[in-house]
Amino acid sequence: MDPKELRRVMGHFATGVTIVTTKDETGTPFGLTANAFASLSLDPPLVLVCVDKAAQCYSCFASGGHFAVNVLAEHQEEVSRRFATKGVSKFDGIGWRASESGLALIDKAIGHIECKIVYSYDGGDHTIYVGEVLSAAAGEGRPLLFYQGKYHRLPE
Ligand SMILES: Cc1cc2nc3c(=O)[nH]c(=O)nc-3n(C[C@H](O)[C@H](O)[C@H](O)COP(=O)(O)O)c2cc1C
């Protein structure tokens with residue numbers, strides 16, 4: 001198997017873009033850009049997200065117990081870039097609010113899902129977190145897309 005070819009194949013798989021947030025034991029929010037997100041089950045309602053074990057926020061996922069998924073709108077490329085950058089203050093200057101359970105929900109995202117982690121699986125250099133959906137809310141707008149290493153919008 002040629003890893004470069006695998007990367008090329010994965011580049012052909014177009015996705016949406018999410019910001020997955022969690023919090024540490026003091027309630028401080030953490031988050032990262034993630035497209036390894038999927039709907040898993042409707043009954044019971046489950047989603048999954050894959051988090052890099054090398055992510056600075058990884059320990060918060062490992063201990064936090066809950067996460068939120070923010071589905072980004074087409075105009076939120078800068079938000080995606082910010083949350084994909086290590087060592088920056090990710091939430092500064094970004095509109096967001098804390099949900100009742102203290103998870104960061106990003107303003108103008110076109111979908112918010114809050115989850116309780118019910119399973120986690122080793123996934124090589126990532127961990128697969130399965131979340132039971134506690135709340136879900138869809139907003140208005142069109143999605144930000146990621147394809148072949150670049151951001152895209154749906155054609156008009
Ligand atoms: C479009 C896009 C999708 C990404 N998807 C994932 C993902 O699904 N899981 C992941 O762990 N990192 C993903 N990353 C990389 C992380 O967002 C990035 O490494 C982030 O800085 C990690 O969080 P940290 O700052 O806490 O280390 C993605 C980056 C981009 C630009």
# chains A, B, ... in the order shown; residues from 1 in each chain; ligands from 1
>>> residues_near_ligand(ligand="ligand 1", cutoff="8 Å", atoms="only C-alpha atoms and all ligand atoms", output="mmCIF file with N, CA, C and O atoms, in the first residue's frame")
data_model
loop_
_atom_site.group_PDB
_atom_site.id
_atom_site.type_symbol
_atom_site.label_atom_id
_atom_site.label_comp_id
_atom_site.auth_asym_id
_atom_site.auth_seq_id
_atom_site.Cartn_x
_atom_site.Cartn_y
_atom_site.Cartn_z
ATOM 1 N N VAL A 17 -17.110 20.431 7.057
ATOM 2 C CA VAL A 17 -16.086 20.790 8.055
ATOM 3 C C VAL A 17 -16.792 21.086 9.375
ATOM 4 O O VAL A 17 -17.803 21.811 9.385
ATOM 5 N N THR A 18 -16.265 20.529 10.447
ATOM 6 C CA THR A 18 -16.837 20.795 11.768
ATOM 7 C C THR A 18 -15.759 21.321 12.714
ATOM 8 O O THR A 18 -14.566 21.107 12.492
ATOM 9 N N PHE A 30 -12.082 23.810 24.764
ATOM 10 C CA PHE A 30 -11.052 23.409 23.803
ATOM 11 C C PHE A 30 -11.785 22.955 22.539
ATOM 12 O O PHE A 30 -12.953 22.567 22.593
ATOM 13 N N GLY A 31 -11.066 22.986 21.426
ATOM 14 C CA GLY A 31 -11.704 22.525 20.203
ATOM 15 C C GLY A 31 -10.709 22.337 19.087
ATOM 16 O O GLY A 31 -9.579 22.818 19.151
ATOM 17 N N LEU A 32 -11.151 21.612 18.068
ATOM 18 C CA LEU A 32 -10.316 21.406 16.880
ATOM 19 C C LEU A 32 -11.206 21.265 15.654
ATOM 20 O O LEU A 32 -12.370 20.872 15.757
ATOM 21 N N THR A 33 -10.624 21.604 14.525
ATOM 22 C CA THR A 33 -11.296 21.380 13.241
ATOM 23 C C THR A 33 -11.278 19.888 12.947
ATOM 24 O O THR A 33 -10.229 19.243 13.098
ATOM 25 N N ALA A 34 -12.404 19.350 12.523
ATOM 26 C CA ALA A 34 -12.452 17.913 12.243
ATOM 27 C C ALA A 34 -13.408 17.621 11.084
ATOM 28 O O ALA A 34 -14.536 18.124 11.058
ATOM 29 N N ASN A 35 -12.918 16.831 10.135
ATOM 30 C CA ASN A 35 -13.835 16.322 9.106
ATOM 31 C C ASN A 35 -14.020 14.806 9.230
ATOM 32 O O ASN A 35 -14.798 14.224 8.470
ATOM 33 N N ALA A 36 -13.313 14.187 10.191
ATOM 34 C CA ALA A 36 -13.542 12.763 10.471
ATOM 35 C C ALA A 36 -14.712 12.658 11.443
ATOM 36 O O ALA A 36 -14.576 12.293 12.620
ATOM 37 N N PHE A 37 -15.861 13.048 10.933
ATOM 38 C CA PHE A 37 -17.109 13.090 11.694
ATOM 39 C C PHE A 37 -18.154 12.347 10.871
ATOM 40 O O PHE A 37 -18.180 12.486 9.644
ATOM 41 N N VAL A 49 -16.629 10.831 16.047
ATOM 42 C CA VAL A 49 -15.578 11.742 15.636
ATOM 43 C C VAL A 49 -14.239 11.093 15.970
ATOM 44 O O VAL A 49 -14.127 10.364 16.971
ATOM 45 N N CYS A 50 -13.240 11.313 15.102
ATOM 46 C CA CYS A 50 -11.913 10.731 15.310
ATOM 47 C C CYS A 50 -10.949 11.848 15.694
ATOM 48 O O CYS A 50 -10.827 12.841 14.958
ATOM 49 N N VAL A 51 -10.296 11.701 16.834
ATOM 50 C CA VAL A 51 -9.419 12.756 17.363
ATOM 51 C C VAL A 51 -7.986 12.243 17.419
ATOM 52 O O VAL A 51 -7.717 11.164 17.975
ATOM 53 N N ASP A 52 -7.093 13.031 16.843
ATOM 54 C CA ASP A 52 -5.668 12.721 16.802
ATOM 55 C C ASP A 52 -5.109 12.649 18.233
ATOM 56 O O ASP A 52 -5.313 13.582 19.024
ATOM 57 N N LYS A 53 -4.419 11.569 18.531
ATOM 58 C CA LYS A 53 -3.838 11.436 19.877
ATOM 59 C C LYS A 53 -2.785 12.508 20.139
ATOM 60 O O LYS A 53 -2.449 12.775 21.287
ATOM 61 N N ALA A 54 -2.266 13.126 19.065
ATOM 62 C CA ALA A 54 -1.254 14.173 19.228
ATOM 63 C C ALA A 54 -1.873 15.563 19.381
ATOM 64 O O ALA A 54 -1.147 16.545 19.573
ATOM 65 N N ALA A 55 -3.193 15.662 19.291
ATOM 66 C CA ALA A 55 -3.834 16.979 19.431
ATOM 67 C C ALA A 55 -3.625 17.493 20.847
ATOM 68 O O ALA A 55 -3.684 16.726 21.818
ATOM 69 N N GLN A 56 -3.403 18.810 20.940
ATOM 70 C CA GLN A 56 -3.202 19.398 22.275
ATOM 71 C C GLN A 56 -4.442 19.229 23.131
ATOM 72 O O GLN A 56 -4.357 19.127 24.349
ATOM 73 N N CYS A 57 -5.622 19.211 22.498
ATOM 74 C CA CYS A 57 -6.869 19.081 23.260
ATOM 75 C C CYS A 57 -7.249 17.619 23.507
ATOM 76 O O CYS A 57 -8.301 17.355 24.089
ATOM 77 N N TYR A 58 -6.390 16.690 23.096
ATOM 78 C CA TYR A 58 -6.755 15.261 23.189
ATOM 79 C C TYR A 58 -7.102 14.837 24.616
ATOM 80 O O TYR A 58 -8.085 14.117 24.842
ATOM 81 N N SER A 80 -12.390 27.636 10.621
ATOM 82 C CA SER A 80 -11.778 26.323 10.419
ATOM 83 C C SER A 80 -10.263 26.417 10.508
ATOM 84 O O SER A 80 -9.614 25.598 11.171
ATOM 85 N N ARG A 81 -9.692 27.425 9.842
ATOM 86 C CA ARG A 81 -8.219 27.573 9.870
ATOM 87 C C ARG A 81 -7.724 27.810 11.297
ATOM 88 O O ARG A 81 -6.706 27.276 11.715
ATOM 89 N N PHE A 83 -9.067 26.872 14.163
ATOM 90 C CA PHE A 83 -9.163 25.682 15.029
ATOM 91 C C PHE A 83 -8.297 24.524 14.535
ATOM 92 O O PHE A 83 -8.164 23.508 15.223
ATOM 93 N N ALA A 84 -7.682 24.721 13.358
ATOM 94 C CA ALA A 84 -6.731 23.718 12.862
ATOM 95 C C ALA A 84 -5.290 24.146 13.120
ATOM 96 O O ALA A 84 -4.365 23.496 12.634
ATOM 97 N N THR A 85 -5.124 25.248 13.877
ATOM 98 C CA THR A 85 -3.785 25.778 14.147
ATOM 99 C C THR A 85 -3.433 25.539 15.607
ATOM 100 O O THR A 85 -4.183 25.936 16.506
ATOM 101 N N LYS A 86 -2.311 24.889 15.827
ATOM 102 C CA LYS A 86 -1.884 24.609 17.205
ATOM 103 C C LYS A 86 -1.318 25.873 17.856
ATOM 104 O O LYS A 86 -0.728 26.715 17.195
ATOM 105 N N GLY A 87 -1.537 25.970 19.169
ATOM 106 C CA GLY A 87 -0.865 27.002 19.954
ATOM 107 C C GLY A 87 -1.459 28.388 19.854
ATOM 108 O O GLY A 87 -0.845 29.347 20.316
ATOM 109 N N VAL A 88 -2.639 28.531 19.254
ATOM 110 C CA VAL A 88 -3.275 29.850 19.199
ATOM 111 C C VAL A 88 -4.454 29.870 20.175
ATOM 112 O O VAL A 88 -4.944 28.820 20.594
ATOM 113 N N HIS A 126 -5.295 7.889 15.995
ATOM 114 C CA HIS A 126 -6.483 8.607 16.455
ATOM 115 C C HIS A 126 -7.258 7.739 17.453
ATOM 116 O O HIS A 126 -7.047 6.526 17.537
ATOM 117 N N PHE A 146 -14.634 20.655 2.198
ATOM 118 C CA PHE A 146 -13.186 20.422 2.127
ATOM 119 C C PHE A 146 -12.963 19.304 1.120
ATOM 120 O O PHE A 146 -13.542 18.211 1.232
ATOM 121 N N GLY A 149 -7.686 18.985 -0.166
ATOM 122 C CA GLY A 149 -6.833 19.868 0.635
ATOM 123 C C GLY A 149 -7.210 21.333 0.573
ATOM 124 O O GLY A 149 -6.471 22.177 1.092
ATOM 125 N N LYS A 150 -8.360 21.655 -0.018
ATOM 126 C CA LYS A 150 -8.771 23.049 -0.122
ATOM 127 C C LYS A 150 -10.222 23.201 0.310
ATOM 128 O O LYS A 150 -11.001 22.237 0.264
ATOM 129 N N TYR A 151 -10.555 24.442 0.678
ATOM 130 C CA TYR A 151 -11.931 24.753 1.047
ATOM 131 C C TYR A 151 -12.734 25.089 -0.206
ATOM 132 O O TYR A 151 -12.211 25.699 -1.143
#
>>> select_by_dssp(residues="chain A", states="helix (DSSP H, G or I)", output="PyMOL selection string")
chain A and resi 3-11+58-64+77-83
>>> write_last_selection(atoms="N, CA, C and O atoms", output="compact mmCIF listing (two decimals), in the first residue's frame")
# COMPACT_ATOMS: atom_id res chain seq x y z
N PRO A 3 1.21 4.99 0.83
CA PRO A 3 0.54 6.02 1.64
C PRO A 3 0.18 7.27 0.84
O PRO A 3 -0.84 7.90 1.08
N LYS A 4 1.04 7.61 -0.14
CA LYS A 4 0.74 8.81 -0.95
C LYS A 4 -0.54 8.59 -1.77
O LYS A 4 -1.34 9.51 -1.93
N GLU A 5 -0.68 7.35 -2.27
CA GLU A 5 -1.89 7.06 -3.05
C GLU A 5 -3.13 7.09 -2.16
O GLU A 5 -4.20 7.59 -2.58
N LEU A 6 -2.97 6.58 -0.94
CA LEU A 6 -4.10 6.65 0.00
C LEU A 6 -4.49 8.10 0.25
O LEU A 6 -5.68 8.45 0.28
N ARG A 7 -3.49 8.97 0.42
CA ARG A 7 -3.80 10.39 0.64
C ARG A 7 -4.53 10.97 -0.56
O ARG A 7 -5.47 11.77 -0.42
N ARG A 8 -4.11 10.55 -1.76
CA ARG A 8 -4.78 11.05 -2.97
C ARG A 8 -6.23 10.57 -3.02
O ARG A 8 -7.14 11.33 -3.37
N VAL A 9 -6.43 9.30 -2.66
CA VAL A 9 -7.81 8.77 -2.65
C VAL A 9 -8.65 9.54 -1.63
O VAL A 9 -9.78 9.97 -1.94
N MET A 10 -8.10 9.73 -0.43
CA MET A 10 -8.87 10.44 0.60
C MET A 10 -9.16 11.87 0.17
O MET A 10 -10.19 12.45 0.54
N GLY A 11 -8.25 12.45 -0.62
CA GLY A 11 -8.47 13.80 -1.14
C GLY A 11 -9.67 13.88 -2.07
O GLY A 11 -10.28 14.94 -2.24
N TYR A 58 -6.39 16.69 23.10
CA TYR A 58 -6.75 15.26 23.19
C TYR A 58 -7.10 14.84 24.62
O TYR A 58 -8.08 14.12 24.84
N SER A 59 -6.31 15.30 25.57
CA SER A 59 -6.54 14.85 26.96
C SER A 59 -7.91 15.29 27.46
O SER A 59 -8.51 14.63 28.31
N CYS A 60 -8.39 16.43 26.94
CA CYS A 60 -9.72 16.89 27.37
C CYS A 60 -10.80 15.96 26.85
O CYS A 60 -11.80 15.72 27.53
N PHE A 61 -10.62 15.44 25.62
CA PHE A 61 -11.58 14.47 25.09
C PHE A 61 -11.52 13.19 25.92
O PHE A 61 -12.54 12.60 26.26
N ALA A 62 -10.29 12.80 26.23
CA ALA A 62 -10.11 11.53 26.95
C ALA A 62 -10.77 11.59 28.32
O ALA A 62 -11.27 10.58 28.82
N SER A 63 -10.80 12.79 28.92
CA SER A 63 -11.32 12.87 30.29
C SER A 63 -12.67 13.58 30.37
O SER A 63 -13.35 13.50 31.38
N GLY A 64 -13.03 14.30 29.29
CA GLY A 64 -14.17 15.23 29.39
C GLY A 64 -15.53 14.59 29.47
O GLY A 64 -16.41 15.06 30.18
N GLU A 77 -14.56 29.73 6.79
CA GLU A 77 -13.23 29.15 6.51
C GLU A 77 -12.19 29.62 7.53
O GLU A 77 -11.34 28.83 7.97
N GLU A 78 -12.25 30.90 7.91
CA GLU A 78 -11.25 31.41 8.87
C GLU A 78 -11.40 30.71 10.23
O GLU A 78 -10.40 30.50 10.93
N VAL A 79 -12.63 30.39 10.61
CA VAL A 79 -12.85 29.66 11.87
C VAL A 79 -12.20 28.29 11.76
O VAL A 79 -11.51 27.83 12.68
N SER A 80 -12.39 27.64 10.62
CA SER A 80 -11.78 26.32 10.42
C SER A 80 -10.26 26.42 10.51
O SER A 80 -9.61 25.60 11.17
N ARG A 81 -9.69 27.43 9.84
CA ARG A 81 -8.22 27.57 9.87
C ARG A 81 -7.72 27.81 11.30
O ARG A 81 -6.71 27.28 11.72
N ARG A 82 -8.44 28.63 12.04
CA ARG A 82 -8.04 28.94 13.42
C ARG A 82 -8.02 27.67 14.26
O ARG A 82 -7.07 27.41 14.99
N PHE A 83 -9.07 26.87 14.16
CA PHE A 83 -9.16 25.68 15.03
C PHE A 83 -8.30 24.52 14.54
O PHE A 83 -8.16 23.51 15.22
>>> atom_distance(atom1="atom CA of Thr21 of chain A", atom2="atom CA of Glu114 of chain A")
9.4 Å
>>> residues_around(residues="segment 101-112 of chain A", least_positions_apart="3", cutoff="9 Å", atoms="only C-alpha atoms", output="PDB file with C-alpha atoms, in the first residue's frame")
ATOM      1  CA  THR A  18     -16.837  20.795  11.768  1.00  0.00           C
ATOM      2  CA  ILE A  19     -15.383  22.280  14.908  1.00  0.00           C
ATOM      3  CA  VAL A  20     -15.553  19.701  17.673  1.00  0.00           C
ATOM      4  CA  THR A  21     -15.414  21.228  21.134  1.00  0.00           C
ATOM      5  CA  THR A  22     -14.993  19.885  24.619  1.00  0.00           C
ATOM      6  CA  LYS A  23     -13.873  21.299  27.963  1.00  0.00           C
ATOM      7  CA  GLY A  27     -14.740  24.272  32.250  1.00  0.00           C
ATOM      8  CA  THR A  28     -12.212  25.907  29.892  1.00  0.00           C
ATOM      9  CA  PRO A  29     -13.283  25.225  26.288  1.00  0.00           C
ATOM     10  CA  PHE A  30     -11.052  23.409  23.803  1.00  0.00           C
ATOM     11  CA  GLY A  31     -11.704  22.525  20.203  1.00  0.00           C
ATOM     12  CA  HIS A  66     -18.913  15.218  26.439  1.00  0.00           C
ATOM     13  CA  PHE A  67     -18.342  16.972  23.125  1.00  0.00           C
ATOM     14  CA  ALA A  68     -20.184  19.300  20.760  1.00  0.00           C
ATOM     15  CA  VAL A  69     -20.058  19.303  16.971  1.00  0.00           C
ATOM     16  CA  ASN A  70     -20.412  22.620  15.125  1.00  0.00           C
ATOM     17  CA  VAL A  71     -21.104  22.207  11.395  1.00  0.00           C
ATOM     18  CA  LEU A  72     -19.480  25.180   9.681  1.00  0.00           C
ATOM     19  CA  ALA A  73     -21.193  27.451   7.183  1.00  0.00           C
ATOM     20  CA  GLN A  76     -16.506  30.180   8.180  1.00  0.00           C
ATOM     21  CA  ILE A  94     -14.795  34.131  17.601  1.00  0.00           C
ATOM     22  CA  GLY A  95     -18.469  34.410  18.460  1.00  0.00           C
ATOM     23  CA  TRP A  96     -19.535  31.497  20.617  1.00  0.00           C
ATOM     24  CA  ARG A  97     -21.637  30.684  23.631  1.00  0.00           C
ATOM     25  CA  ALA A  98     -21.549  28.000  26.269  1.00  0.00           C
ATOM     26  CA  SER A 135     -29.386  17.732  21.577  1.00  0.00           C
ATOM     27  CA  ALA A 136     -29.308  18.728  17.925  1.00  0.00           C
ATOM     28  CA  ALA A 137     -30.248  22.006  16.245  1.00  0.00           C
ATOM     29  CA  ALA A 138     -30.017  22.896  12.563  1.00  0.00           C
ATOM     30  CA  GLY A 139     -29.508  26.496  11.440  1.00  0.00           C
ATOM     31  CA  GLU A 140     -29.833  28.304   8.143  1.00  0.00           C
ATOM     32  CA  GLY A 141     -27.149  28.420   5.495  1.00  0.00           C
ATOM     33  CA  ARG A 142     -24.906  26.457   3.196  1.00  0.00           C
ATOM     34  CA  PRO A 143     -21.976  24.266   4.252  1.00  0.00           C
TER      35      PRO A 143
END
>>> closest_residue(among="A:Leu134, A:Thr127, A:Phe91, A:Gly65", to="Asp24 of chain A", atoms="only C-alpha atoms")
A:Gly65
>>> select_by_dssp(residues="chain A", states="strand (DSSP E)", output="NGL selection string")
:A and (15-16 or 18-23 or 29-34 or 37-41 or 46-52 or 66-71 or 96-98 or 104-106 or 111-123 or 126-138 or 144-147 or 150-153)
>>> atom_distance(atom1="atom CA of Gly123 of chain A", atom2="atom CA of Ser39 of chain A")
17.3 Å
